[in-house]
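For reference, entry_25.txt (compact mmCIF, C-alpha atoms (C1' of nucleotides)):
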```txt
# COMPACT_ATOMS: atom_id res chain seq x y z
CA MET A 1 0.00 0.00 0.00
CA LYS A 2 1.22 3.47 -0.91
CA ARG A 3 1.23 5.87 2.02
CA ASP A 4 1.47 9.56 2.69
CA VAL A 5 4.86 10.62 4.05
CA PHE A 6 3.14 13.24 6.25
CA ARG A 7 1.21 10.44 7.93
CA GLY A 8 4.44 8.49 8.14
CA ILE A 9 6.15 11.04 10.36
CA ALA A 10 3.02 11.86 12.35
CA ASP A 11 3.66 9.19 14.96
CA PRO A 12 6.37 9.88 17.56
CA THR A 13 7.43 6.22 17.69
CA ARG A 14 7.98 6.23 13.93
CA ARG A 15 10.05 9.40 14.16
CA ALA A 16 12.12 7.70 16.87
CA ILE A 17 12.63 4.64 14.66
CA LEU A 18 13.72 6.83 11.78
CA HIS A 19 16.16 8.60 14.05
CA MET A 20 17.54 5.34 15.33
CA ILE A 21 18.40 4.11 11.84
CA SER A 22 19.38 7.51 10.44
CA THR A 23 23.13 6.86 10.66
CA ALA A 24 23.27 3.09 10.18
CA PRO A 25 20.82 0.33 9.19
CA LEU A 26 19.48 -1.95 11.91
CA ASN A 27 17.52 -5.16 11.79
CA ILE A 28 13.96 -5.22 13.02
CA ASN A 29 14.66 -6.95 16.32
CA SER A 30 17.40 -4.51 17.27
CA VAL A 31 15.08 -1.62 16.56
CA SER A 32 12.25 -3.05 18.62
CA GLU A 33 14.52 -3.74 21.59
CA HIS A 34 14.85 0.00 22.15
CA PHE A 35 11.13 0.43 22.70
CA GLU A 36 8.64 -0.50 25.39
CA VAL A 37 6.08 -1.82 22.94
CA SER A 38 6.12 -5.28 21.39
CA ARG A 39 8.15 -6.33 18.38
CA ALA A 40 4.90 -6.80 16.45
CA ALA A 41 3.96 -3.18 17.07
CA ILE A 42 7.36 -1.96 15.86
CA TYR A 43 7.09 -4.28 12.89
CA LYS A 44 3.88 -2.53 11.90
CA HIS A 45 5.47 0.90 12.23
CA ILE A 46 8.34 -0.22 10.05
CA LYS A 47 5.86 -1.50 7.52
CA ILE A 48 4.18 1.89 7.40
CA LEU A 49 7.51 3.69 7.08
CA THR A 50 8.36 1.37 4.21
CA GLU A 51 5.03 2.00 2.54
CA CYS A 52 5.65 5.71 2.50
CA GLY A 53 9.21 5.36 1.22
CA LEU A 54 11.04 6.50 4.35
CA ILE A 55 12.66 3.11 4.85
CA VAL A 56 14.00 0.37 2.63
CA VAL A 57 14.32 -3.14 4.00
CA SER A 58 16.83 -5.67 2.71
CA GLN A 59 17.14 -9.27 3.74
CA LYS A 60 20.40 -10.75 4.98
CA GLY A 61 20.00 -14.35 6.01
CA ARG A 62 17.22 -14.48 8.52
CA GLU A 63 17.57 -10.81 9.39
CA ARG A 64 16.02 -7.84 7.66
CA TYR A 65 17.88 -4.57 7.77
CA CYS A 66 16.04 -1.26 7.76
CA GLU A 67 17.78 1.62 6.06
CA ALA A 68 16.46 5.17 6.30
CA GLN A 69 15.67 6.91 3.01
CA LEU A 70 16.17 10.41 4.32
CA GLN A 71 15.93 12.05 0.88
CA LYS A 72 12.24 11.30 1.14
CA LEU A 73 12.08 14.05 3.76
CA GLU A 74 12.64 16.54 0.95
CA GLU A 75 8.94 16.17 0.28
CA ILE A 76 8.18 17.52 3.75
CA SER A 77 10.84 20.19 3.40
CA ASP A 78 9.43 21.38 0.08
CA TRP A 79 5.97 21.66 1.56
CA VAL A 80 7.21 23.71 4.51
CA GLU A 81 9.46 25.93 2.40
CA GLN A 82 6.59 27.14 0.23
CA TYR A 83 5.43 29.04 3.32
CA ARG A 84 8.73 30.35 4.66
CA GLU A 85 8.60 33.56 2.67
CA LEU A 86 5.12 34.25 3.98
CA TRP A 87 6.01 33.73 7.61
CA ASN A 88 9.17 35.82 7.28
CA LYS A 89 7.14 38.63 5.72
CA ARG A 90 4.84 38.58 8.73
CA LEU A 91 7.75 38.63 11.14
CA ASP A 92 9.28 41.60 9.30
CA PHE A 93 5.97 43.40 9.50
CA LEU A 94 5.77 42.72 13.21
CA GLU A 95 9.32 43.99 13.67
CA THR A 96 8.77 47.32 11.93
CA TYR A 97 5.51 47.69 13.81
CA LEU A 98 7.28 47.21 17.12
CA GLN A 99 10.05 49.58 16.09
CA ARG A 100 7.49 52.28 15.31
CA LEU A 101 5.85 51.65 18.64
CA GLN A 102 9.26 52.06 20.30
CA SER A 103 10.08 55.38 18.67
CA LYS A 104 6.59 56.65 19.40
CA LYS A 105 7.14 55.72 23.05
CA LYS A 106 10.51 57.49 23.10
CA ARG A 107 8.99 60.69 21.75
CA HIS A 108 6.26 60.39 24.35
CA ASP A 109 8.76 59.82 27.20
CA LYS A 110 10.83 62.78 26.05
CA ARG A 111 7.80 65.04 26.13
CA LYS A 112 7.11 63.85 29.64
CA THR A 113 10.64 64.62 30.92
CA ASN A 114 10.58 68.02 29.24
CA ARG A 115 7.37 68.93 31.00
CA MET B 1 -5.70 20.42 24.60
CA LYS B 2 -2.11 20.72 23.50
CA ARG B 3 -1.37 18.88 20.23
CA ASP B 4 1.58 17.73 18.22
CA VAL B 5 2.23 19.85 15.15
CA PHE B 6 3.31 16.74 13.22
CA ARG B 7 -0.13 15.27 13.82
CA GLY B 8 -1.58 18.62 12.85
CA ILE B 9 -0.21 18.53 9.33
CA ALA B 10 -0.76 14.78 8.90
CA ASP B 11 -4.25 15.20 7.51
CA PRO B 12 -4.56 16.41 3.88
CA THR B 13 -7.71 18.40 4.65
CA ARG B 14 -5.89 20.28 7.39
CA ARG B 15 -3.00 21.05 5.05
CA ALA B 16 -5.54 22.36 2.55
CA ILE B 17 -7.13 24.56 5.20
CA LEU B 18 -3.74 25.91 6.20
CA HIS B 19 -2.98 26.68 2.57
CA MET B 20 -6.30 28.42 2.09
CA ILE B 21 -5.66 30.84 4.95
CA SER B 22 -1.91 31.17 4.37
CA THR B 23 -2.18 34.57 2.67
CA ALA B 24 -5.24 36.03 4.39
CA PRO B 25 -7.46 35.08 7.33
CA LEU B 26 -10.89 33.62 6.62
CA ASN B 27 -13.87 32.94 8.82
CA ILE B 28 -14.87 29.36 9.52
CA ASN B 29 -17.84 29.27 7.17
CA SER B 30 -15.86 30.59 4.23
CA VAL B 31 -13.25 27.93 4.82
CA SER B 32 -15.77 25.12 5.01
CA GLU B 33 -17.52 26.22 1.83
CA HIS B 34 -14.46 25.14 -0.14
CA PHE B 35 -14.74 21.54 1.01
CA GLU B 36 -17.07 18.65 0.38
CA VAL B 37 -17.37 17.74 4.03
CA SER B 38 -19.68 19.41 6.52
CA ARG B 39 -18.98 22.61 8.38
CA ALA B 40 -18.85 20.64 11.62
CA ALA B 41 -16.05 18.47 10.22
CA ILE B 42 -14.05 21.52 9.14
CA TYR B 43 -14.72 23.11 12.51
CA LYS B 44 -13.07 20.12 14.16
CA HIS B 45 -10.06 20.34 11.89
CA ILE B 46 -9.71 24.02 12.71
CA LYS B 47 -9.92 23.18 16.38
CA ILE B 48 -7.06 20.70 16.01
CA LEU B 49 -4.98 23.18 14.03
CA THR B 50 -5.57 25.72 16.80
CA GLU B 51 -4.60 23.23 19.47
CA CYS B 52 -1.25 22.64 17.84
CA GLY B 53 -0.58 26.35 17.31
CA LEU B 54 -0.86 26.43 13.53
CA ILE B 55 -3.88 28.71 13.61
CA VAL B 56 -5.10 31.55 15.77
CA VAL B 57 -8.79 32.40 15.84
CA SER B 58 -10.14 35.86 16.62
CA GLN B 59 -13.76 36.83 16.98
CA LYS B 60 -15.28 39.68 15.03
CA GLY B 61 -18.99 40.01 15.73
CA ARG B 62 -20.55 36.67 15.04
CA GLU B 63 -17.70 35.57 12.83
CA ARG B 64 -14.43 33.96 13.83
CA TYR B 65 -11.42 34.55 11.66
CA CYS B 66 -8.72 31.92 11.30
CA GLU B 67 -5.21 33.20 10.81
CA ALA B 68 -2.35 30.85 9.93
CA GLN B 69 0.63 30.86 12.29
CA LEU B 70 3.15 29.72 9.71
CA GLN B 71 6.18 30.29 11.98
CA LYS B 72 4.98 27.19 13.78
CA LEU B 73 6.17 25.24 10.74
CA GLU B 74 9.72 26.01 11.80
CA GLU B 75 9.33 23.13 14.21
CA ILE B 76 8.79 20.77 11.29
CA SER B 77 11.57 22.42 9.33
CA ASP B 78 14.04 22.03 12.21
CA TRP B 79 13.22 18.37 12.53
CA VAL B 80 13.77 17.74 8.84
CA GLU B 81 16.94 19.82 8.65
CA GLN B 82 18.70 17.73 11.27
CA TYR B 83 18.79 14.99 8.64
CA ARG B 84 19.67 17.00 5.55
CA GLU B 85 23.41 16.63 6.02
CA LEU B 86 23.03 12.89 6.33
CA TRP B 87 20.99 12.48 3.19
CA ASN B 88 23.31 14.77 1.23
CA LYS B 89 26.28 12.70 2.39
CA ARG B 90 24.62 9.59 1.04
CA LEU B 91 23.88 11.29 -2.26
CA ASP B 92 27.51 12.43 -2.54
CA PHE B 93 28.66 8.92 -1.85
CA LEU B 94 26.38 7.61 -4.58
CA GLU B 95 27.67 10.24 -6.98
CA THR B 96 31.37 9.43 -6.50
CA TYR B 97 30.53 5.76 -6.73
CA LEU B 98 28.83 6.31 -10.07
CA GLN B 99 31.71 8.49 -11.28
CA ARG B 100 34.20 5.76 -10.48
CA LEU B 101 32.03 3.28 -12.29
CA GLN B 102 32.02 5.65 -15.29
CA SER B 103 35.79 6.10 -15.48
CA LYS B 104 36.31 2.40 -15.01
CA LYS B 105 33.98 1.83 -17.94
CA LYS B 106 35.87 4.42 -20.07
CA ARG B 107 39.20 2.74 -19.41
CA HIS B 108 37.61 -0.53 -20.28
CA ASP B 109 36.14 0.85 -23.52
CA LYS B 110 39.49 2.41 -24.48
CA ARG B 111 41.24 -0.87 -24.01
CA LYS B 112 38.66 -2.44 -26.27
CA THR B 113 39.17 0.10 -29.11
CA ASN B 114 42.96 -0.16 -28.82
CA ARG B 115 42.82 -3.87 -29.23
C1' DC C 1 18.81 -33.19 13.92
C1' DT C 2 17.14 -30.15 17.61
C1' DT C 3 16.96 -25.72 19.39
C1' DT C 4 17.33 -20.80 18.94
C1' DT C 5 16.49 -16.75 16.64
C1' DA C 6 14.30 -13.39 13.40
C1' DT C 7 10.54 -12.48 11.20
C1' DG C 8 5.60 -12.61 8.91
C1' DA C 9 1.08 -12.71 9.67
C1' DA C 10 -3.49 -13.53 11.61
C1' DA C 11 -7.11 -12.59 15.12
C1' DC C 12 -8.55 -9.59 18.22
C1' DC C 13 -9.16 -5.14 21.01
C1' DA C 14 -9.59 -0.28 22.73
C1' DA C 15 -9.05 4.30 21.64
C1' DA C 16 -8.62 7.95 18.39
C1' DA C 17 -9.92 10.09 13.96
C1' DG C 18 -12.92 11.86 10.88
C1' DG C 19 -17.41 12.28 9.76
C1' DT C 20 -22.66 13.20 10.29
C1' DT C 21 -27.04 15.18 12.13
C1' DT C 22 -29.22 17.94 15.34
C1' DC C 23 -29.95 21.59 18.54
C1' DA C 24 -28.71 25.81 21.23
C1' DT C 25 -27.01 30.53 21.20
C1' DA C 26 -25.31 34.92 19.96
C1' DT C 27 -25.20 38.55 16.22
C1' DT C 28 -26.71 40.68 12.29
C1' DT C 29 -30.26 41.97 8.98
C1' DT C 30 -34.64 43.15 7.56
C1' DA D 1 -39.39 41.81 16.89
C1' DA D 2 -38.59 38.18 13.46
C1' DA D 3 -35.63 35.94 10.29
C1' DA D 4 -31.20 34.78 8.78
C1' DT D 5 -26.40 33.83 9.74
C1' DA D 6 -22.17 32.05 12.11
C1' DT D 7 -20.73 29.26 15.30
C1' DG D 8 -20.30 25.83 19.47
C1' DA D 9 -21.23 21.58 20.98
C1' DA D 10 -23.38 17.15 21.93
C1' DA D 11 -24.66 12.45 20.45
C1' DC D 12 -23.70 9.08 17.50
C1' DC D 13 -21.35 6.17 13.84
C1' DT D 14 -17.62 3.90 11.02
C1' DT D 15 -12.91 3.34 9.94
C1' DT D 16 -8.23 3.68 11.10
C1' DT D 17 -4.49 3.38 14.47
C1' DG D 18 -1.64 1.42 17.57
C1' DG D 19 -1.33 -2.21 20.31
C1' DT D 20 -1.54 -7.27 22.05
C1' DT D 21 -1.13 -12.43 21.92
C1' DT D 22 -0.45 -16.40 19.35
C1' DC D 23 1.16 -19.39 15.78
C1' DA D 24 3.90 -20.59 11.53
C1' DT D 25 8.19 -20.65 9.05
C1' DA D 26 12.81 -20.13 7.63
C1' DA D 27 17.71 -19.62 8.75
C1' DA D 28 21.53 -20.22 11.93
C1' DA D 29 23.70 -22.38 15.83
C1' DG D 30 24.67 -26.29 18.75
```
Kindly return the structure encoded in the file as structure tokens.
Amino acid sequence: MKRDVFRGIADPTRRAILHMISTAPLNINSVSEHFEVSRAAIYKHIKILTECGLIVVSQKGRERYCEAQLQKLEEISDWVEQYRELWNKRLDFLETYLQRLQSKKKRHDKRKTNR
Amino acid sequence: MKRDVFRGIADPTRRAILHMISTAPLNINSVSEHFEVSRAAIYKHIKILTECGLIVVSQKGRERYCEAQLQKLEEISDWVEQYRELWNKRLDFLETYLQRLQSKKKRHDKRKTNR
DNA sequence: CTTTTATGAAACCAAAAGGTTTCATATTTT
DNA sequence: AAAATATGAAACCTTTTGGTTTCATAAAAG
């Protein structure tokens, strides 16, 4: 089944799995040992991660190694980046607004001390 | 209720809502008119988006305007960026590997033509 | 060959998600 | 004041999620 990568990273356990195998592949049992939940539960998470392309599994003897496909995160990155300009614009606007407020306050304070 | 921003953007309808209000705030009814599902369903999505800080709602008369808080996406961006170096490294590795394969092939071809 | 080990997969379960319809309430409009 | 509009919220329903236990199977180790 094909899956949405946004759904893939929605679960904290799946993000933890991805992090665990981000530098080097691990077999399924080794991954599951680091978690409280059962191996079967982790197996399902790995299945989902595979279905959305964030992991590739390769068999070696009786073990199956999970390798992170971090390039797939570009899809998330691209989605976020389309909004960066917008949120920076807003922050700039806020900044100039606050600066104006500041200088207005200074003028006001000055008037007060001159009184 | 406090919510996870990763869960917030996991649903395609919620991403669509966020996109719709990314440039200008809209009241809840206007948002829901653009979707097939009921207003109540959209209302719930907006509630979730609010709970994870991706939207701020402000009342004006009987209407409630939803404004996107796109800076909140920085959280997603930060998470993705921690892996960018890793995935670039892998891509570099692949590239040099392919280059070596290429030059090996060239030498091989040359030998063939010289024969 | 027997026993471990690593995994796949089925059956089952509770809670969460995503939806609907319906009704109450507060603001406009007319 | 009456009607229309915008929203909040409850009650209810189905599907999906995330989890469990159990059993089968294949490879590796003794």
Starting from 6 Å padding per side, set up an axis-aligned box that covers all listed atoms of stretch 89-99 of chain B and hand over centre and edge lengths in Å, one decimal, as lines of an AutoDock Vina configuration file.
```
center_x = 27.8
center_y = 9.2
center_z = -4.4
size_x = 19.8
size_y = 18.9
size_z = 25.7
```
Mind running chain C against chain B at 9 Å and telling me each contacting residue's nearest atom pair with the distance in Å (one decimal), counting all atoms listed in the file, chain and number ascending, as CSV?
```
residue,atom,partner,partner_atom,distance
C:DG18,C1',B:Ala41,CA,7.3
C:DG19,C1',B:Ala41,CA,6.4
C:DT20,C1',B:Ser38,CA,7.9
C:DA26,C1',B:Arg62,CA,7.1
C:DT27,C1',B:Arg62,CA,5.2
C:DT28,C1',B:Arg62,CA,7.8
```
Would you write out chain A as a compact mmCIF listing (two decimals) with C-alpha atoms, in the coordinates of the input, after superposing it on chain B by least squares over all in-order Cα pairs?
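Okay, selection_13.txt is ready:
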```txt
# COMPACT_ATOMS: atom_id res chain seq x y z
CA MET A 1 -5.83 20.03 24.46
CA LYS A 2 -2.22 20.43 23.39
CA ARG A 3 -1.42 18.69 20.12
CA ASP A 4 1.56 17.59 18.12
CA VAL A 5 2.25 19.80 15.11
CA PHE A 6 3.38 16.72 13.13
CA ARG A 7 -0.06 15.23 13.64
CA GLY A 8 -1.54 18.58 12.73
CA ILE A 9 -0.10 18.56 9.22
CA ALA A 10 -0.62 14.84 8.71
CA ASP A 11 -4.10 15.25 7.26
CA PRO A 12 -4.37 16.52 3.67
CA THR A 13 -7.56 18.48 4.42
CA ARG A 14 -5.78 20.31 7.24
CA ARG A 15 -2.86 21.14 4.97
CA ALA A 16 -5.37 22.50 2.45
CA ILE A 17 -7.02 24.63 5.14
CA LEU A 18 -3.66 26.00 6.20
CA HIS A 19 -2.86 26.83 2.61
CA MET A 20 -6.18 28.55 2.13
CA ILE A 21 -5.59 30.92 5.04
CA SER A 22 -1.85 31.30 4.51
CA THR A 23 -2.12 34.74 2.88
CA ALA A 24 -5.22 36.13 4.58
CA PRO A 25 -7.48 35.11 7.49
CA LEU A 26 -10.87 33.62 6.70
CA ASN A 27 -13.87 32.85 8.85
CA ILE A 28 -14.86 29.27 9.47
CA ASN A 29 -17.81 29.22 7.09
CA SER A 30 -15.79 30.60 4.20
CA VAL A 31 -13.16 27.95 4.76
CA SER A 32 -15.66 25.12 4.87
CA GLU A 33 -17.38 26.27 1.68
CA HIS A 34 -14.29 25.27 -0.28
CA PHE A 35 -14.56 21.65 0.78
CA GLU A 36 -16.87 18.75 0.04
CA VAL A 37 -17.20 17.74 3.67
CA SER A 38 -19.55 19.34 6.18
CA ARG A 39 -18.90 22.52 8.11
CA ALA A 40 -18.78 20.47 11.31
CA ALA A 41 -15.96 18.36 9.91
CA ILE A 42 -13.97 21.45 8.93
CA TYR A 43 -14.71 22.95 12.31
CA LYS A 44 -13.05 19.95 13.93
CA HIS A 45 -10.00 20.24 11.69
CA ILE A 46 -9.69 23.90 12.59
CA LYS A 47 -9.94 22.97 16.24
CA ILE A 48 -7.07 20.54 15.86
CA LEU A 49 -4.97 23.08 13.97
CA THR A 50 -5.63 25.54 16.77
CA GLU A 51 -4.68 23.00 19.40
CA CYS A 52 -1.31 22.49 17.80
CA GLY A 53 -0.66 26.20 17.38
CA LEU A 54 -0.87 26.38 13.59
CA ILE A 55 -3.92 28.62 13.69
CA VAL A 56 -5.20 31.40 15.89
CA VAL A 57 -8.89 32.22 15.91
CA SER A 58 -10.27 35.64 16.76
CA GLN A 59 -13.89 36.60 17.09
CA LYS A 60 -15.41 39.48 15.15
CA GLY A 61 -19.11 39.80 15.80
CA ARG A 62 -20.66 36.47 15.05
CA GLU A 63 -17.77 35.40 12.84
CA ARG A 64 -14.53 33.78 13.87
CA TYR A 65 -11.48 34.44 11.75
CA CYS A 66 -8.75 31.85 11.38
CA GLU A 67 -5.24 33.16 10.94
CA ALA A 68 -2.35 30.87 10.05
CA GLN A 69 0.60 30.84 12.45
CA LEU A 70 3.15 29.80 9.88
CA GLN A 71 6.14 30.34 12.20
CA LYS A 72 4.96 27.19 13.92
CA LEU A 73 6.19 25.31 10.85
CA GLU A 74 9.73 26.09 11.99
CA GLU A 75 9.31 23.15 14.33
CA ILE A 76 8.84 20.84 11.35
CA SER A 77 11.65 22.55 9.47
CA ASP A 78 14.06 22.14 12.38
CA TRP A 79 13.26 18.46 12.62
CA VAL A 80 13.87 17.91 8.91
CA GLU A 81 17.03 20.02 8.81
CA GLN A 82 18.78 17.89 11.43
CA TYR A 83 18.94 15.21 8.74
CA ARG A 84 19.84 17.27 5.69
CA GLU A 85 23.57 16.93 6.20
CA LEU A 86 23.21 13.18 6.44
CA TRP A 87 21.20 12.82 3.27
CA ASN A 88 23.54 15.13 1.36
CA LYS A 89 26.52 13.07 2.52
CA ARG A 90 24.86 9.97 1.12
CA LEU A 91 24.12 11.67 -2.17
CA ASP A 92 27.75 12.82 -2.44
CA PHE A 93 28.90 9.29 -1.77
CA LEU A 94 26.59 7.98 -4.46
CA GLU A 95 27.88 10.60 -6.89
CA THR A 96 31.56 9.76 -6.44
CA TYR A 97 30.69 6.09 -6.65
CA LEU A 98 28.95 6.61 -9.97
CA GLN A 99 31.81 8.75 -11.23
CA ARG A 100 34.28 5.97 -10.43
CA LEU A 101 32.04 3.51 -12.18
CA GLN A 102 32.01 5.82 -15.22
CA SER A 103 35.78 6.16 -15.46
CA LYS A 104 36.19 2.44 -14.95
CA LYS A 105 33.77 1.89 -17.84
CA LYS A 106 35.68 4.35 -20.04
CA ARG A 107 38.96 2.55 -19.42
CA HIS A 108 37.22 -0.72 -20.21
CA ASP A 109 35.69 0.65 -23.45
CA LYS A 110 39.05 2.03 -24.52
CA ARG A 111 40.69 -1.34 -24.04
CA LYS A 112 37.97 -2.86 -26.16
CA THR A 113 38.45 -0.42 -29.07
CA ASN A 114 42.22 -0.86 -28.91
CA ARG A 115 41.88 -4.60 -29.24
```
- prompt: Using only C-alpha atoms (C1' of nucleotides), which of the listed residues (D:DG30, D:DA4, D:DT25, D:DC12) sits closest to chain A?
  reply: D:DT25
message: Given all atoms listed in the file as the basis, pick out the residue of A:Ala10, A:Cys52, A:Ile17, A:Leu94 nearest to chain B.
response: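 Answer, going by the shortest atom-to-atom distance: A:Ala10.
For the atom pair formed by atom CA of B:Ser30 and atom CA of B:Ile48, the distance is 17.7 Å, given to one decimal.
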Taking all atoms listed in the file into account, produce a table as a Markdown table in which each residue of chain D with an atom at most 9 Å from an atom of chain B appears once, together with its shortest atom pair and the distance in Å to one decimal, ordered by chain and rising number.
```
| residue | atom | partner | partner_atom | distance |
| --- | --- | --- | --- | --- |
| D:DT5 | C1' | B:Arg62 | CA | 8.4 |
| D:DA6 | C1' | B:Arg62 | CA | 5.7 |
| D:DT7 | C1' | B:Arg62 | CA | 7.4 |
```
- request: Pull out every residue of chain A that has at least one atom within 6 Å of chain B, counting only C-alpha atoms, and report them as a PyMOL selection string.
  value: chain A and resi 6-7+10+70-71+87
message: Can you measure atom CA of A:Gly53 to atom C1' of D:DA24 for me? One decimal in Å is fine.
response: 28.4 Å
Some atoms are missing, so please complete stretch 19-38 of chain A with N, CA and C atoms and return it as a PDB file, in the frame of the given file.
```
ATOM      1  N   HIS A  19      14.956   8.016  13.467  1.00  0.00           N
ATOM      2  CA  HIS A  19      16.160   8.600  14.050  1.00  0.00           C
ATOM      3  C   HIS A  19      17.177   7.523  14.386  1.00  0.00           C
ATOM      4  N   MET A  20      16.675   6.431  14.916  1.00  0.00           N
ATOM      5  CA  MET A  20      17.540   5.340  15.330  1.00  0.00           C
ATOM      6  C   MET A  20      18.336   4.757  14.165  1.00  0.00           C
ATOM      7  N   ILE A  21      17.725   4.700  13.001  1.00  0.00           N
ATOM      8  CA  ILE A  21      18.400   4.110  11.840  1.00  0.00           C
ATOM      9  C   ILE A  21      18.942   5.175  10.891  1.00  0.00           C
ATOM     10  N   SER A  22      18.971   6.422  11.357  1.00  0.00           N
ATOM     11  CA  SER A  22      19.380   7.510  10.440  1.00  0.00           C
ATOM     12  C   SER A  22      20.861   7.422  10.068  1.00  0.00           C
ATOM     13  N   THR A  23      21.697   6.920  10.972  1.00  0.00           N
ATOM     14  CA  THR A  23      23.130   6.860  10.660  1.00  0.00           C
ATOM     15  C   THR A  23      23.563   5.480  10.152  1.00  0.00           C
ATOM     16  N   ALA A  24      22.913   4.427  10.638  1.00  0.00           N
ATOM     17  CA  ALA A  24      23.270   3.090  10.180  1.00  0.00           C
ATOM     18  C   ALA A  24      22.049   2.167  10.221  1.00  0.00           C
ATOM     19  N   PRO A  25      21.945   1.268   9.239  1.00  0.00           N
ATOM     20  CA  PRO A  25      20.820   0.330   9.190  1.00  0.00           C
ATOM     21  C   PRO A  25      20.822  -0.590  10.413  1.00  0.00           C
ATOM     22  N   LEU A  26      19.642  -1.012  10.795  1.00  0.00           N
ATOM     23  CA  LEU A  26      19.480  -1.950  11.910  1.00  0.00           C
ATOM     24  C   LEU A  26      18.431  -2.979  11.526  1.00  0.00           C
ATOM     25  N   ASN A  27      18.576  -4.182  12.070  1.00  0.00           N
ATOM     26  CA  ASN A  27      17.520  -5.160  11.790  1.00  0.00           C
ATOM     27  C   ASN A  27      16.337  -4.940  12.709  1.00  0.00           C
ATOM     28  N   ILE A  28      15.224  -5.503  12.347  1.00  0.00           N
ATOM     29  CA  ILE A  28      13.960  -5.220  13.020  1.00  0.00           C
ATOM     30  C   ILE A  28      14.007  -5.501  14.512  1.00  0.00           C
ATOM     31  N   ASN A  29      14.573  -6.626  14.892  1.00  0.00           N
ATOM     32  CA  ASN A  29      14.660  -6.950  16.320  1.00  0.00           C
ATOM     33  C   ASN A  29      15.457  -5.909  17.112  1.00  0.00           C
ATOM     34  N   SER A  30      16.580  -5.504  16.572  1.00  0.00           N
ATOM     35  CA  SER A  30      17.400  -4.510  17.270  1.00  0.00           C
ATOM     36  C   SER A  30      16.631  -3.207  17.456  1.00  0.00           C
ATOM     37  N   VAL A  31      15.882  -2.836  16.437  1.00  0.00           N
ATOM     38  CA  VAL A  31      15.080  -1.620  16.560  1.00  0.00           C
ATOM     39  C   VAL A  31      14.065  -1.791  17.681  1.00  0.00           C
ATOM     40  N   SER A  32      13.348  -2.891  17.665  1.00  0.00           N
ATOM     41  CA  SER A  32      12.250  -3.050  18.620  1.00  0.00           C
ATOM     42  C   SER A  32      12.752  -3.158  20.063  1.00  0.00           C
ATOM     43  N   GLU A  33      13.979  -3.627  20.243  1.00  0.00           N
ATOM     44  CA  GLU A  33      14.520  -3.740  21.590  1.00  0.00           C
ATOM     45  C   GLU A  33      14.609  -2.394  22.315  1.00  0.00           C
ATOM     46  N   HIS A  34      14.729  -1.318  21.534  1.00  0.00           N
ATOM     47  CA  HIS A  34      14.850   0.000  22.150  1.00  0.00           C
ATOM     48  C   HIS A  34      13.520   0.592  22.592  1.00  0.00           C
ATOM     49  N   PHE A  35      12.435  -0.130  22.354  1.00  0.00           N
ATOM     50  CA  PHE A  35      11.130   0.430  22.700  1.00  0.00           C
ATOM     51  C   PHE A  35      10.407  -0.430  23.723  1.00  0.00           C
ATOM     52  N   GLU A  36       9.449   0.201  24.387  1.00  0.00           N
ATOM     53  CA  GLU A  36       8.640  -0.500  25.390  1.00  0.00           C
ATOM     54  C   GLU A  36       7.660  -1.444  24.712  1.00  0.00           C
ATOM     55  N   VAL A  37       7.139  -1.024  23.592  1.00  0.00           N
ATOM     56  CA  VAL A  37       6.080  -1.820  22.940  1.00  0.00           C
ATOM     57  C   VAL A  37       6.642  -3.091  22.303  1.00  0.00           C
ATOM     58  N   SER A  38       5.751  -3.962  21.935  1.00  0.00           N
ATOM     59  CA  SER A  38       6.120  -5.280  21.390  1.00  0.00           C
ATOM     60  C   SER A  38       6.822  -5.184  20.033  1.00  0.00           C
TER      61      SER A  38
END
```
